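Source file: final_22.pdb. Holds: PDB, C-alpha atoms.
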```pdb
ATOM      1  CA  MET A 350     140.061 116.040  82.055
ATOM      2  CA  GLY A 351     139.792 119.298  80.031
ATOM      3  CA  GLY A 352     139.050 121.515  83.017
ATOM      4  CA  ALA A 353     135.749 119.772  83.837
ATOM      5  CA  SER A 354     135.002 119.524  87.539
ATOM      6  CA  PRO A 355     135.502 116.091  89.101
ATOM      7  CA  CYS A 356     132.425 114.034  89.884
ATOM      8  CA  ALA A 357     131.207 113.678  93.470
ATOM      9  CA  SER A 358     132.956 110.294  93.815
ATOM     10  CA  CYS A 359     136.359 111.505  92.710
ATOM     11  CA  LYS A 360     135.974 114.600  94.892
ATOM     12  CA  LEU A 361     135.283 112.457  97.934
ATOM     13  CA  LEU A 362     137.985 109.944  97.042
ATOM     14  CA  ARG A 363     140.346 112.797  96.243
ATOM     15  CA  ARG A 364     141.473 111.486  92.953
ATOM     16  CA  ARG A 365     141.656 112.562  89.346
ATOM     17  CA  CYS A 366     138.320 112.202  87.599
ATOM     18  CA  ALA A 367     139.092 110.342  84.351
ATOM     19  CA  LYS A 368     137.132 110.899  81.146
ATOM     20  CA  ASP A 369     135.732 107.378  81.363
ATOM     21  CA  CYS A 370     135.123 107.541  85.135
ATOM     22  CA  VAL A 371     132.475 104.888  85.872
ATOM     23  CA  PHE A 372     130.891 107.039  88.595
ATOM     24  CA  ALA A 373     130.753 110.402  86.772
ATOM     25  CA  PRO A 374     127.437 109.899  84.856
ATOM     26  CA  TYR A 375     125.597 108.923  88.045
ATOM     27  CA  PHE A 376     127.214 110.963  90.795
ATOM     28  CA  PRO A 377     127.371 114.580  89.636
ATOM     29  CA  SER A 378     129.430 117.030  91.687
ATOM     30  CA  ASP A 379     126.353 119.016  92.742
ATOM     31  CA  ASP A 380     125.033 116.131  94.872
ATOM     32  CA  PRO A 381     127.898 114.968  97.111
ATOM     33  CA  HIS A 382     125.580 113.342  99.644
ATOM     34  CA  LYS A 383     124.425 110.747  97.111
ATOM     35  CA  PHE A 384     127.863 109.228  96.678
ATOM     36  CA  ALA A 385     128.795 109.701 100.320
ATOM     37  CA  ILE A 386     125.941 107.510 101.490
ATOM     38  CA  VAL A 387     126.542 104.643  99.027
ATOM     39  CA  HIS A 388     130.273 104.785  99.759
ATOM     40  CA  LYS A 389     129.586 104.561 103.503
ATOM     41  CA  VAL A 390     127.357 101.476 103.140
ATOM     42  CA  PHE A 391     128.757  99.613 100.143
ATOM     43  CA  GLY A 392     132.195 101.081  99.533
ATOM     44  CA  ALA A 393     133.426 102.762  96.346
ATOM     45  CA  SER A 394     135.288  99.658  95.192
ATOM     46  CA  ASN A 395     132.197  97.446  95.430
ATOM     47  CA  ILE A 396     130.021 100.050  93.669
ATOM     48  CA  SER A 397     132.575 100.298  90.867
ATOM     49  CA  LYS A 398     132.681  96.492  90.428
ATOM     50  CA  MET A 399     128.862  96.251  90.445
ATOM     51  CA  LEU A 400     128.488  98.982  87.826
ATOM     52  CA  GLN A 401     131.184  97.558  85.593
ATOM     53  CA  GLU A 402     129.444  94.182  85.578
ATOM     54  CA  LEU A 403     126.272  95.755  84.212
ATOM     55  CA  PRO A 404     125.450  96.965  80.691
ATOM     56  CA  VAL A 405     125.518 100.770  80.470
ATOM     57  CA  HIS A 406     121.758 101.126  79.975
ATOM     58  CA  GLN A 407     121.087  99.431  83.346
ATOM     59  CA  ARG A 408     123.577 101.344  85.438
ATOM     60  CA  GLY A 409     121.301 104.318  86.117
ATOM     61  CA  ASP A 410     118.630 102.072  87.674
ATOM     62  CA  ALA A 411     121.256 100.153  89.610
ATOM     63  CA  VAL A 412     122.625 103.383  91.101
ATOM     64  CA  SER A 413     119.099 104.533  92.070
ATOM     65  CA  SER A 414     118.360 101.273  93.852
ATOM     66  CA  LEU A 415     121.753 101.286  95.598
ATOM     67  CA  VAL A 416     121.165 104.850  96.807
ATOM     68  CA  TYR A 417     117.718 103.782  98.092
ATOM     69  CA  GLU A 418     119.173 100.809  99.977
ATOM     70  CA  ALA A 419     122.072 102.827 101.358
ATOM     71  CA  ASN A 420     119.710 105.512 102.668
ATOM     72  CA  ALA A 421     117.492 102.842 104.245
ATOM     73  CA  ARG A 422     120.491 101.213 105.926
ATOM     74  CA  ALA A 423     121.772 104.577 107.185
ATOM     75  CA  ARG A 424     118.322 105.335 108.697
ATOM     76  CA  ASP A 425     117.938 101.836 110.166
ATOM     77  CA  PRO A 426     121.301 100.060 110.635
ATOM     78  CA  VAL A 427     119.628  96.877 111.924
ATOM     79  CA  TYR A 428     116.976  96.252 109.258
ATOM     80  CA  GLY A 429     117.760  98.597 106.367
ATOM     81  CA  CYS A 430     115.231  98.239 103.540
ATOM     82  CA  VAL A 431     114.439  94.688 104.711
ATOM     83  CA  GLY A 432     112.319  96.411 107.372
ATOM     84  CA  ALA A 433     110.240  98.020 104.628
ATOM     85  CA  ILE A 434     109.863  94.618 102.925
ATOM     86  CA  SER A 435     108.578  93.016 106.159
ATOM     87  CA  TYR A 436     106.152  95.839 106.746
ATOM     88  CA  LEU A 437     104.811  95.789 103.186
ATOM     89  CA  GLN A 438     104.452  91.992 103.210
ATOM     90  CA  SER A 439     102.309  92.153 106.342
ATOM     91  CA  GLN A 440     100.203  94.983 104.825
ATOM     92  CA  VAL A 441      99.642  92.958 101.655
ATOM     93  CA  SER A 442      98.675  89.848 103.698
ATOM     94  CA  GLN A 443      96.176  91.833 105.742
ATOM     95  CA  LEU A 444      94.614  93.377 102.669
ATOM     96  CA  GLN A 445      94.383  90.025 100.937
ATOM     97  CA  MET A 446      92.566  88.630 103.976
ATOM     98  CA  GLN A 447      90.140  91.540 103.977
ATOM     99  CA  LEU A 448      89.646  91.020 100.259
ATOM    100  CA  ALA A 449      88.811  87.338 100.784
ATOM    101  CA  VAL A 450      86.274  88.250 103.495
ATOM    102  CA  ALA A 451      84.671  90.919 101.284
ATOM    103  CA  GLN A 452      84.471  88.499  98.344
ATOM    104  CA  ALA A 453      82.801  85.878 100.546
ATOM    105  CA  GLU A 454      80.377  88.519 101.805
ATOM    106  CA  ILE A 455      79.308  89.554  98.343
ATOM    107  CA  VAL A 456      78.797  85.915  97.310
ATOM    108  CA  CYS A 457      76.539  85.398 100.374
ATOM    109  CA  ILE A 458      74.549  88.541  99.603
ATOM    110  CA  GLN A 459      74.067  87.477  95.984
ATOM    111  CA  MET A 460      73.015  83.975  97.019
ATOM    112  CA  GLN A 461      70.502  85.372  99.513
ATOM    113  CA  GLN A 462      69.104  87.741  96.903
ATOM    114  CA  ASP A 463      68.808  84.946  94.346
ATOM    115  CA  HIS A 464      66.979  82.836  96.931
ATOM    116  CA  ASP A 465      64.628  85.704  97.829
ATOM    117  CA  GLN A 466      63.984  86.358  94.150
ATOM    118  CA  GLN A 467      63.148  82.708  93.487
ATOM    119  CA  GLN A 468      60.781  82.647  96.451
ATOM    120  CA  HIS A 469      59.104  85.813  95.209
ATOM    121  CA  ASN A 470      58.690  84.282  91.740
ATOM    122  CA  ILE A 471      57.160  81.110  93.179
ATOM    123  CA  ASN A 472      54.724  83.140  95.256
ATOM    124  CA  GLN A 473      53.713  85.129  92.204
ATOM    125  CA  LEU A 474      53.128  81.972  90.206
ATOM    126  CA  MET A 475      51.035  80.397  92.953
ATOM    127  CA  LEU A 476      48.955  83.514  93.250
ATOM    128  CA  ALA A 477      48.415  83.562  89.521
ATOM    129  CA  ALA A 478      47.514  79.875  89.569
ATOM    130  CA  ASP A 479      44.980  80.446  92.363
ATOM    131  CA  GLU A 480      43.351  83.261  90.453
ATOM    132  CA  HIS A 481      43.214  81.194  87.296
ATOM    133  CA  GLU A 482      41.709  78.220  89.128
ATOM    134  CA  LYS A 483      39.074  80.378  90.774
ATOM    135  CA  SER A 484      38.043  81.987  87.542
ATOM    136  CA  TYR A 485      37.972  78.556  85.861
ATOM    137  CA  PHE A 486      35.781  77.228  88.660
ATOM    138  CA  LEU A 487      33.472  80.171  88.508
ATOM    139  CA  HIS A 488      33.307  80.056  84.732
ATOM    140  CA  ASN A 489      32.505  76.353  84.667
ATOM    141  CA  ASN A 490      29.840  76.639  87.378
ATOM    142  CA  PHE A 491      28.254  79.556  85.613
ATOM    143  CA  LEU A 492      27.970  77.450  82.488
ATOM    144  CA  ASN A 493      26.424  74.572  84.420
ATOM    145  CA  PHE A 494      24.003  76.914  86.114
ATOM    146  CA  SER A 495      23.112  78.459  82.792
ATOM    147  CA  SER A 496      22.414  75.130  81.174
ATOM    148  CA  ALA A 497      20.518  73.977  84.240
ATOM    149  CA  THR A 498      18.250  76.986  84.101
ATOM    150  CA  ALA A 499      17.843  76.511  80.406
ATOM    151  CA  ASN A 500      16.617  72.931  80.989
ATOM    152  CA  VAL A 501      14.204  74.138  83.559
ATOM    153  CA  ALA A 502      12.808  76.612  81.068
ATOM    154  CA  ASN A 503      12.049  73.736  78.660
ATOM    155  CA  VAL A 504       9.885  71.727  81.048
ATOM    156  CA  ASN A 505       6.307  71.112  79.798
ATOM    157  CA  TYR A 506       3.938  72.267  82.488
ATOM    158  CA  ASP A 507       0.908  70.943  80.721
ATOM    159  CA  SER A 508       1.717  67.445  81.886
ATOM    160  CA  PHE A 509       1.224  68.564  85.396
ATOM    161  CA  LYS A 510      -2.269  69.842  84.638
ATOM    162  CA  LYS A 511      -3.426  66.542  83.055
ATOM    163  CA  GLU A 512      -2.522  64.276  85.817
ATOM    164  CA  PRO A 513      -3.396  65.584  89.132
ATOM    165  CA  ARG A 514      -2.914  62.680  91.472
ATOM    166  CA  TYR A 515      -3.989  63.900  94.815
ATOM    167  CA  GLY A 516      -5.950  66.550  96.434
ATOM    168  CA  HIS A 517      -8.671  67.619  94.047
ATOM    169  CA  ASP A 518      -9.932  64.115  93.114
ATOM    170  CA  MET A 519      -9.835  62.849  96.566
ATOM    171  CA  VAL A 520     -11.964  65.637  97.869
ATOM    172  CA  SER A 521     -14.803  65.135  95.498
TER     173      SER A 521
ATOM    174  CA  MET B 521     146.074  80.185 114.766
ATOM    175  CA  ASN B 522     142.586  79.371 115.874
ATOM    176  CA  SER B 523     141.768  75.932 114.443
ATOM    177  CA  SER B 524     138.084  76.708 114.151
ATOM    178  CA  ARG B 525     138.039  79.973 112.268
ATOM    179  CA  CYS B 526     134.735  81.596 111.450
ATOM    180  CA  ALA B 527     133.637  81.792 107.813
ATOM    181  CA  ALA B 528     134.745  85.435 107.610
ATOM    182  CA  CYS B 529     138.273  84.833 108.817
ATOM    183  CA  LYS B 530     138.564  81.748 106.607
ATOM    184  CA  HIS B 531     137.477  83.795 103.615
ATOM    185  CA  LEU B 532     139.797  86.659 104.544
ATOM    186  CA  ARG B 533     142.602  84.176 105.296
ATOM    187  CA  ARG B 534     143.401  85.596 108.651
ATOM    188  CA  ARG B 535     143.541  84.598 112.275
ATOM    189  CA  CYS B 536     140.215  84.429 114.002
ATOM    190  CA  PRO B 537     140.564  86.173 117.362
ATOM    191  CA  SER B 538     138.448  85.179 120.358
ATOM    192  CA  ASP B 539     136.542  88.475 120.127
ATOM    193  CA  CYS B 540     136.071  88.296 116.351
ATOM    194  CA  ILE B 541     133.110  90.547 115.456
ATOM    195  CA  PHE B 542     131.998  88.161 112.693
ATOM    196  CA  ALA B 543     132.347  84.794 114.459
ATOM    197  CA  PRO B 544     128.913  84.657 116.231
ATOM    198  CA  TYR B 545     127.058  85.461 112.989
ATOM    199  CA  PHE B 546     129.127  83.819 110.263
ATOM    200  CA  PRO B 547     129.871  80.257 111.391
ATOM    201  CA  SER B 548     132.377  78.195 109.404
ATOM    202  CA  ASN B 549     129.693  75.712 108.282
ATOM    203  CA  ASN B 550     128.055  78.371 106.047
ATOM    204  CA  PRO B 551     130.811  80.041 103.999
ATOM    205  CA  ARG B 552     128.392  81.321 101.343
ATOM    206  CA  ARG B 553     126.696  83.625 103.838
ATOM    207  CA  PHE B 554     129.829  85.653 104.424
ATOM    208  CA  ALA B 555     130.865  85.479 100.778
ATOM    209  CA  TYR B 556     127.605  87.239  99.790
ATOM    210  CA  VAL B 557     127.912  90.106 102.293
ATOM    211  CA  HIS B 558     131.602  90.537 101.522
ATOM    212  CA  LYS B 559     130.916  90.771  97.787
ATOM    213  CA  ILE B 560     128.233  93.432  98.186
ATOM    214  CA  PHE B 561     129.131  95.376 101.314
ATOM    215  CA  GLY B 562     132.730  94.466 101.967
ATOM    216  CA  ALA B 563     134.021  92.923 105.209
ATOM    217  CA  SER B 564     135.179  96.291 106.540
ATOM    218  CA  ASN B 565     131.748  97.921 106.149
ATOM    219  CA  VAL B 566     129.959  94.911 107.660
ATOM    220  CA  GLY B 567     132.373  94.989 110.611
ATOM    221  CA  LYS B 568     131.732  98.729 111.120
ATOM    222  CA  ILE B 569     127.942  98.302 110.978
ATOM    223  CA  LEU B 570     128.061  95.467 113.536
ATOM    224  CA  GLN B 571     130.516  97.290 115.817
ATOM    225  CA  ASP B 572     128.277 100.367 115.943
ATOM    226  CA  LEU B 573     125.302  98.326 117.167
ATOM    227  CA  PRO B 574     124.524  96.996 120.643
ATOM    228  CA  VAL B 575     125.275  93.258 120.866
ATOM    229  CA  SER B 576     121.569  92.348 121.139
ATOM    230  CA  TYR B 577     120.903  93.818 117.665
ATOM    231  CA  ARG B 578     123.875  92.368 115.824
ATOM    232  CA  ARG B 579     122.390  88.989 114.881
ATOM    233  CA  GLU B 580     119.352  90.619 113.292
ATOM    234  CA  ALA B 581     121.580  93.120 111.479
ATOM    235  CA  ALA B 582     123.809  90.298 110.156
ATOM    236  CA  ASN B 583     120.707  88.427 108.932
ATOM    237  CA  THR B 584     119.271  91.435 107.111
ATOM    238  CA  LEU B 585     122.644  92.259 105.573
ATOM    239  CA  CYS B 586     122.850  88.674 104.268
ATOM    240  CA  TYR B 587     119.345  88.898 102.854
ATOM    241  CA  GLU B 588     120.062  92.224 101.172
ATOM    242  CA  ALA B 589     123.328  90.923  99.722
ATOM    243  CA  TYR B 590     121.595  87.792  98.425
ATOM    244  CA  CYS B 591     118.854  89.886  96.758
ATOM    245  CA  ARG B 592     121.483  92.100  95.125
ATOM    246  CA  ILE B 593     123.402  89.089  93.775
ATOM    247  CA  LYS B 594     120.157  87.614  92.426
ATOM    248  CA  ASP B 595     119.108  90.923  90.874
ATOM    249  CA  PRO B 596     122.179  93.130  90.309
ATOM    250  CA  VAL B 597     120.108  96.041  88.962
ATOM    251  CA  TYR B 598     117.291  96.370  91.526
ATOM    252  CA  GLY B 599     118.197  94.164  94.502
ATOM    253  CA  CYS B 600     115.878  94.583  97.509
ATOM    254  CA  ALA B 601     114.559  97.861  96.131
ATOM    255  CA  GLY B 602     112.918  95.826  93.355
ATOM    256  CA  ILE B 603     111.070  93.727  95.929
ATOM    257  CA  VAL B 604     109.883  96.907  97.690
ATOM    258  CA  ASP B 605     108.537  98.202  94.349
ATOM    259  CA  GLN B 606     106.724  94.939  93.620
ATOM    260  CA  LEU B 607     105.139  94.912  97.075
ATOM    261  CA  ASN B 608     104.031  98.540  96.731
ATOM    262  CA  GLU B 609     102.401  97.603  93.429
ATOM    263  CA  GLN B 610     100.663  94.570  95.003
ATOM    264  CA  LEU B 611      99.423  96.807  97.806
ATOM    265  CA  LYS B 612      97.935  99.312  95.340
ATOM    266  CA  VAL B 613      96.161  96.554  93.402
ATOM    267  CA  ALA B 614      94.776  94.951  96.581
ATOM    268  CA  GLU B 615      93.559  98.329  97.908
ATOM    269  CA  TYR B 616      91.805  99.042  94.619
ATOM    270  CA  GLN B 617      90.167  95.599  94.519
ATOM    271  CA  LEU B 618      88.997  95.949  98.125
ATOM    272  CA  ALA B 619      87.536  99.401  97.499
ATOM    273  CA  THR B 620      85.717  98.076  94.405
ATOM    274  CA  ILE B 621      84.203  95.109  96.249
ATOM    275  CA  ARG B 622      83.175  97.229  99.227
ATOM    276  CA  ALA B 623      81.465  99.691  96.897
ATOM    277  CA  ALA B 624      79.658  96.769  95.230
ATOM    278  CA  ILE B 625      78.504  95.470  98.630
ATOM    279  CA  THR B 626      77.198  98.916  99.592
ATOM    280  CA  THR B 627      75.342  99.269  96.289
ATOM    281  CA  THR B 628      73.847  95.771  96.554
ATOM    282  CA  LEU B 629      72.514  96.467 100.030
ATOM    283  CA  GLN B 630      70.818  99.741  99.050
ATOM    284  CA  PRO B 631      66.968  99.457  99.323
ATOM    285  CA  SER B 632      66.561 101.086  95.887
ATOM    286  CA  TYR B 633      68.772  98.373  94.394
ATOM    287  CA  LEU B 634      66.575  95.670  95.926
ATOM    288  CA  LEU B 635      63.424  97.294  94.550
ATOM    289  CA  ASP B 636      64.940  97.531  91.078
ATOM    290  CA  GLN B 637      65.693  93.810  91.192
ATOM    291  CA  SER B 638      62.076  92.771  91.982
ATOM    292  CA  LEU B 639      59.698  91.476  89.218
ATOM    293  CA  PRO B 640      56.985  93.784  87.934
ATOM    294  CA  MET B 641      53.588  92.980  89.671
TER     295      MET B 641
END
```

How does this structure look as structure tokens?
Amino acid sequence: MGGASPCASCKLLRRRCAKDCVFAPYFPSDDPHKFAIVHKVFGASNISKMLQELPVHQRGDAVSSLVYEANARARDPVYGCVGAISYLQSQVSQLQMQLAVAQAEIVCIQMQQDHDQQQHNINQLMLAADEHEKSYFLHNNFLNFSSATANVANVNYDSFKKEPRYGHDMVS
Amino acid sequence: MNSSRCAACKHLRRRCPSDCIFAPYFPSNNPRRFAYVHKIFGASNVGKILQDLPVSYRREAANTLCYEAYCRIKDPVYGCAGIVDQLNEQLKVAEYQLATIRAAITTTLQPSYLLDQSLPM
């Protein structure tokens, strides 16, 4: 042991802390509560077996999750961390429902806006068409009027003077 | 010896008394259920947890212990804590997506947004 202080596990279990103690890297002597809680819920023997079945690089994470579960079980002996799972699952379901409603709402808004936009475009086109038709009508009628007046200007009035048919002859 | 021992007493190879703490929650027709909790928690710890609870809570406690043990056997590194992490992550993502969509709805309904979307006269 070389004079090193025993780890929290060996202190609690009142045994010699070997050099290759499986608990020592994860349960330092300055945090006795950490081992006490996992020992109370899982038991030192079970923790030792679980850690030994894992590769060394995964043991740290395993200890953290075991400590989390042990604390949850100590706080809530009936549900432990399963209570947190239930709660979170219902929160996620609720949020997903709200998300679906919000997504449907935005689709409706976009569809309504597209419809309004199309209607606006149609109205604009009709207005433009009306204006174009009016100006076409006016333009064409102006031309006809112009040519009509031009024809009138070309009439020979002398023919009227030569052939009076009524009035003057009848009087004399 | 009781001819119909519960799964716990069968596993532990002992007599199943009439007031066995495990018998109501670990019937003999489901031996795996007790095997899981014994592997992870140990029979002694499970017995202590159940003994310390009022009778009306024991069934629920036995069920959650079984679930937790099963999760730990399936995932020896993270167990149930891994599921809690995943759910927390899903919650964060869903909250972010909801906030984004709600902001988009608010922006879309702004009068200035509607004016910007109209065709030039």

Go through range 353-411 of chain A residue by residue and, counting all atoms listed in the file, keep those with an atom at most 12 Å from range 548-563 of chain B; for each kept residue give the shortest atom pair and its distance in Å to one decimal, ordered by chain and increasing number, as CSV.
```
residue,atom,partner,partner_atom,distance
A:Val387,CA,B:Phe561,CA,9.9
A:His388,CA,B:Phe561,CA,9.6
A:Lys389,CA,B:Phe561,CA,9.5
A:Val390,CA,B:Phe561,CA,6.6
A:Phe391,CA,B:Phe561,CA,4.4
A:Gly392,CA,B:Phe561,CA,6.7
A:Ala393,CA,B:Phe561,CA,9.9
A:Ser394,CA,B:Gly562,CA,8.9
A:Asn395,CA,B:Ile560,CA,6.3
A:Ile396,CA,B:Ile560,CA,8.2
A:Ser397,CA,B:Ile560,CA,10.9
A:Lys398,CA,B:Ile560,CA,9.5
A:Met399,CA,B:Ile560,CA,8.3
A:Leu400,CA,B:Ile560,CA,11.8
```

**Message:** the PyMOL selection byres ((chain B) within 6 of (chain A)) - which residues does that actually catch in the file I just gave you? List them as a PyMOL selection string.
**Reply:** chain B and resi 561+581+584+597-598+601+604+611+618+625

With C-alpha atoms retained, could you export that selection as an mmCIF file, in the coordinates of the input?
```
data_model
loop_
_atom_site.group_PDB
_atom_site.id
_atom_site.type_symbol
_atom_site.label_atom_id
_atom_site.label_comp_id
_atom_site.auth_asym_id
_atom_site.auth_seq_id
_atom_site.Cartn_x
_atom_site.Cartn_y
_atom_site.Cartn_z
ATOM 1 C CA PHE B 561 129.131 95.376 101.314
ATOM 2 C CA ALA B 581 121.580 93.120 111.479
ATOM 3 C CA THR B 584 119.271 91.435 107.111
ATOM 4 C CA VAL B 597 120.108 96.041 88.962
ATOM 5 C CA TYR B 598 117.291 96.370 91.526
ATOM 6 C CA ALA B 601 114.559 97.861 96.131
ATOM 7 C CA VAL B 604 109.883 96.907 97.690
ATOM 8 C CA LEU B 611 99.423 96.807 97.806
ATOM 9 C CA LEU B 618 88.997 95.949 98.125
ATOM 10 C CA ILE B 625 78.504 95.470 98.630
#
```

**Prompt:** Near Cys529 in chain B, counting only C-alpha atoms, which residues have an atom at most 9 Å away, once you skip same-chain residues fewer than 5 positions from it, shown as a PyMOL selection string?
**Reply:** chain B and resi 534-537+540+542-543+548

**Request:** Choose the residue, out of B:Ser524, B:Asp605, B:Lys612, B:Ile541, that has the smallest atom-to-atom separation from Asp572 in chain B; count all atoms listed in the file.
**Result:**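 Distance minimum relative to Asp572 in chain B lands on B:Ile541.
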
**CA of Asp379 in chain A to CA of Cys356 in chain A, distance in Å rounded to a single decimal** =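 Result for CA of Asp379 in chain A versus CA of Cys356 in chain A: 8.4 Å, one decimal.
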